[in-house]
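Enquirer: Sending over a structure as structure tokens; questions will come in a sec.
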Amino acid sequence: MRRKALLAPLLAGLALACGGAEKAAPREVLVRVGSVGLDRFNSPVVVLEEQDGPRILPIWIGAAEASSIASHLHHQPTPRPNFHDLAQRVIQSVDAQLVRVVVTELRGGTYYATLELRTHGKIVEIDVRPSDAIAVAVRLDAPILVRESLFEEAGDAVTPDDSGQSVSFETPLGAQPLGSGHATPTLEL
């Protein structure tokens, strides 16, 4: 009997060490594209706004991706299809569905994201740049989510100014706006 009493905690510890207990899934927050523009250093920025809250998350992106997102949101078709149009057509032509896009992490000053596709009854997760994920999501009306921890990392770095006409960003955890060595760009809204 004593042996069983000693063995039970040992087995429980081994089960935990071997992954017997599942980690809680990271909390994800539904967002929308609030704006796409240039910061005061002329670097393109997409601003994600929390759907049911006050938080925003600026992500500095490339000019082509900013143009692609903005042109679609403003219903201005491009003369020739771009990569995001191609991705939309490929997803639709193989009878897949874009379930959602998730901005997953900020590592080394770079944001990461995934596309989650449903195809033939299973979910396929694809690593992708957030700008590309957002551009495809707006074309397919898919939800865009951001991991809660990214808002927490941004913290008080994102604050509106007194006039409400611009937003000041202190770049979180070493993320730098494209083409700038400055840490506090301003996006004119």
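Going through the structure tokens in order, the chains are called A, B, and so on, while each chain numbers its residues from 1 and the ligands are numbered from 1 in the order shown.
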For A:Gln51, list every protein, DNA or RNA residue within 8 Å, evaluated using only C-alpha atoms, and leave out those in the same chain fewer than 6 positions away; present the list as an MDAnalysis selection string.

Expert: chainID A and resid 29:32

Enquirer: As number ranges by chain, please: every residue in stretch 17-144 of chain A that DSSP puts in strand (DSSP E or B).

Expert: A: 28-39, 44-50, 56-60, 97-107, 110-119, 122-128, 144
